[in-house]
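Asker: Structure supplied as structure05.txt; contents: compact mmCIF, C-alpha atoms.
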```
# COMPACT_ATOMS: atom_id res chain seq x y z
CA MET A 1 -68.36 34.67 22.05
CA LYS A 2 -68.85 36.87 19.00
CA LEU A 3 -66.86 40.10 18.84
CA PHE A 4 -67.55 43.35 17.00
CA ALA A 5 -65.55 46.20 15.47
CA LEU A 6 -66.46 49.81 14.79
CA PHE A 7 -67.21 50.85 11.23
CA GLY A 8 -68.50 54.25 10.23
CA ILE A 9 -69.69 56.37 7.35
CA ILE A 10 -69.42 60.15 7.33
CA CYS A 11 -70.60 62.72 4.83
CA PHE A 12 -69.50 66.34 5.12
CA ILE A 13 -69.00 69.53 3.18
CA GLU A 14 -65.39 70.09 2.22
CA PRO A 15 -64.99 73.83 1.55
CA ASP A 16 -63.23 73.58 -1.85
CA LEU A 17 -64.70 70.30 -3.09
CA GLY A 18 -68.31 70.21 -1.89
CA LYS A 19 -70.00 67.09 -0.49
CA LYS A 20 -67.70 64.21 0.35
CA CYS A 21 -68.51 60.83 1.91
CA MET A 22 -66.09 58.27 3.26
CA ASN A 23 -66.03 55.20 5.45
CA PHE A 24 -63.73 54.59 8.38
CA TRP A 25 -62.74 52.09 11.04
CA GLU A 26 -60.39 52.09 13.99
CA ASP A 27 -56.73 51.57 13.21
CA PRO A 28 -55.67 49.21 14.55
CA ILE A 29 -59.03 47.46 14.61
CA GLN A 30 -60.26 46.81 18.13
CA HIS A 31 -62.58 43.90 18.98
CA TYR A 32 -65.40 44.45 21.47
CA LYS A 33 -68.25 42.58 23.10
CA ILE A 34 -71.51 44.03 21.75
CA GLU A 35 -72.20 46.15 24.85
CA GLU A 36 -68.69 47.63 24.80
CA CYS A 37 -68.93 48.24 21.07
CA ALA A 38 -72.17 50.20 21.40
CA GLU A 39 -70.58 52.38 24.08
CA GLN A 40 -67.43 52.93 21.99
CA ALA A 41 -69.55 53.77 18.93
CA GLY A 42 -71.19 56.61 20.85
CA LYS A 43 -67.83 57.89 22.09
CA LYS A 44 -66.23 57.69 18.64
CA GLY A 45 -69.19 59.49 17.05
CA LYS A 46 -68.93 62.34 19.57
CA GLU A 47 -65.14 62.51 19.14
CA ILE A 48 -65.45 62.79 15.35
CA ASN A 49 -68.30 65.30 15.58
CA ASP A 50 -66.27 67.50 17.97
CA MET A 51 -63.16 67.28 15.78
CA PHE A 52 -65.04 68.35 12.64
CA PHE A 53 -66.90 71.11 14.53
CA ASN A 54 -63.60 72.50 15.85
CA LYS A 55 -62.26 72.61 12.29
CA GLY A 56 -65.38 74.38 11.05
CA ILE A 57 -66.46 71.49 8.81
CA ASP A 58 -70.19 70.76 8.55
CA ILE A 59 -71.15 67.10 8.94
CA LEU A 60 -74.14 66.09 6.84
CA SER A 61 -74.39 62.58 8.28
CA LEU A 62 -72.39 60.40 10.62
CA GLU A 63 -73.16 56.76 11.40
CA VAL A 64 -71.00 54.46 13.51
CA TYR A 65 -71.89 50.76 13.43
CA CYS A 66 -70.81 47.67 15.34
CA ILE A 67 -70.12 44.98 12.77
CA PRO A 68 -69.33 41.35 13.56
CA THR A 69 -65.73 40.27 13.08
CA LYS A 70 -64.23 36.87 12.49
CA GLN A 71 -62.40 37.26 15.78
CA GLN A 72 -63.83 35.05 18.55
CA LYS A 73 -63.23 35.45 22.26
CA THR A 74 -62.68 32.21 24.12
```
Could you render the structure from this file as structure tokens?
Answerer:
Amino acid sequence: MKLFALFGIICFIEPDLGKKCMNFWEDPIQHYKIEECAEQAGKKGKEINDMFFNKGIDILSLEVYCIPTKQQKT
């Protein structure tokens, strides 16, 4: 069974530096079945959005993807 990990890209306005984009993943990397990964992607996106909102940082774009890993579940 193929497993997936979360990978994301976020772009935001950093007050002193302007627009900044970066990628991210869970640390440590978790491995999910596709259905679990999609659910976790939604949760992680909301968590990040809330965190940035609470710090007063404007998010320009936020994408969280489920990407296949080399990990296999037996």
Asker: May I have the protein, DNA and RNA residues with an atom at most 12 Å from (-69.2, 59.5, 13.9), counting only C-alpha atoms in the file's coordinates, returned as a PyMOL selection string?
Answerer: chain A and resi 6-12+22-26+40-53+59-65
Asker: Filtering to C-alpha atoms, could you give me those residues as a PDB file, keeping the file's coordinate frame?
Answerer:
```
ATOM      1  CA  LEU A   6     -66.460  49.810  14.790  1.00  0.00           C
ATOM      2  CA  PHE A   7     -67.210  50.850  11.230  1.00  0.00           C
ATOM      3  CA  GLY A   8     -68.500  54.250  10.230  1.00  0.00           C
ATOM      4  CA  ILE A   9     -69.690  56.370   7.350  1.00  0.00           C
ATOM      5  CA  ILE A  10     -69.420  60.150   7.330  1.00  0.00           C
ATOM      6  CA  CYS A  11     -70.600  62.720   4.830  1.00  0.00           C
ATOM      7  CA  PHE A  12     -69.500  66.340   5.120  1.00  0.00           C
ATOM      8  CA  MET A  22     -66.090  58.270   3.260  1.00  0.00           C
ATOM      9  CA  ASN A  23     -66.030  55.200   5.450  1.00  0.00           C
ATOM     10  CA  PHE A  24     -63.730  54.590   8.380  1.00  0.00           C
ATOM     11  CA  TRP A  25     -62.740  52.090  11.040  1.00  0.00           C
ATOM     12  CA  GLU A  26     -60.390  52.090  13.990  1.00  0.00           C
ATOM     13  CA  GLN A  40     -67.430  52.930  21.990  1.00  0.00           C
ATOM     14  CA  ALA A  41     -69.550  53.770  18.930  1.00  0.00           C
ATOM     15  CA  GLY A  42     -71.190  56.610  20.850  1.00  0.00           C
ATOM     16  CA  LYS A  43     -67.830  57.890  22.090  1.00  0.00           C
ATOM     17  CA  LYS A  44     -66.230  57.690  18.640  1.00  0.00           C
ATOM     18  CA  GLY A  45     -69.190  59.490  17.050  1.00  0.00           C
ATOM     19  CA  LYS A  46     -68.930  62.340  19.570  1.00  0.00           C
ATOM     20  CA  GLU A  47     -65.140  62.510  19.140  1.00  0.00           C
ATOM     21  CA  ILE A  48     -65.450  62.790  15.350  1.00  0.00           C
ATOM     22  CA  ASN A  49     -68.300  65.300  15.580  1.00  0.00           C
ATOM     23  CA  ASP A  50     -66.270  67.500  17.970  1.00  0.00           C
ATOM     24  CA  MET A  51     -63.160  67.280  15.780  1.00  0.00           C
ATOM     25  CA  PHE A  52     -65.040  68.350  12.640  1.00  0.00           C
ATOM     26  CA  PHE A  53     -66.900  71.110  14.530  1.00  0.00           C
ATOM     27  CA  ILE A  59     -71.150  67.100   8.940  1.00  0.00           C
ATOM     28  CA  LEU A  60     -74.140  66.090   6.840  1.00  0.00           C
ATOM     29  CA  SER A  61     -74.390  62.580   8.280  1.00  0.00           C
ATOM     30  CA  LEU A  62     -72.390  60.400  10.620  1.00  0.00           C
ATOM     31  CA  GLU A  63     -73.160  56.760  11.400  1.00  0.00           C
ATOM     32  CA  VAL A  64     -71.000  54.460  13.510  1.00  0.00           C
ATOM     33  CA  TYR A  65     -71.890  50.760  13.430  1.00  0.00           C
TER      34      TYR A  65
END
```
Asker: With 4 Å added on each side, what axis-aligned box encloses every listed atom of segment 45-60 of chain A? Give the centre and edge lengths in Å to one decimal, as JSON.
Answerer:
```
{"center_x": -68.2, "center_y": 66.9, "center_z": 13.2, "size_x": 19.9, "size_y": 22.9, "size_z": 20.7}
```
Asker: Nearest to Gln72 of chain A: which of A:Cys37, A:Lys19, A:Ile13, A:Tyr32 is it, counting all atoms listed in the file?
Answerer: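 That would be A:Tyr32, the residue with the smallest distance to Gln72 of chain A.
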Asker: Can you work out the spacing between atom CA of Lys55 of chain A and atom CA of His31 of chain A in Å, to one decimal?
Answerer: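 Separating atom CA of Lys55 of chain A from atom CA of His31 of chain A is a distance of 29.5 Å.
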Asker: From the options A:Pro15, A:Cys66, A:Glu39, A:Ala5, which residue's atoms come nearest to Asp27 of chain A, counting only C-alpha atoms?
Answerer: A:Ala5
Asker: To one decimal place in Å, what is the distance between atom CA of Cys21 of chain A and atom CA of Ala38 of chain A?
Answerer: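 One can read the atom CA of Cys21 of chain A to atom CA of Ala38 of chain A distance as 22.5 Å.
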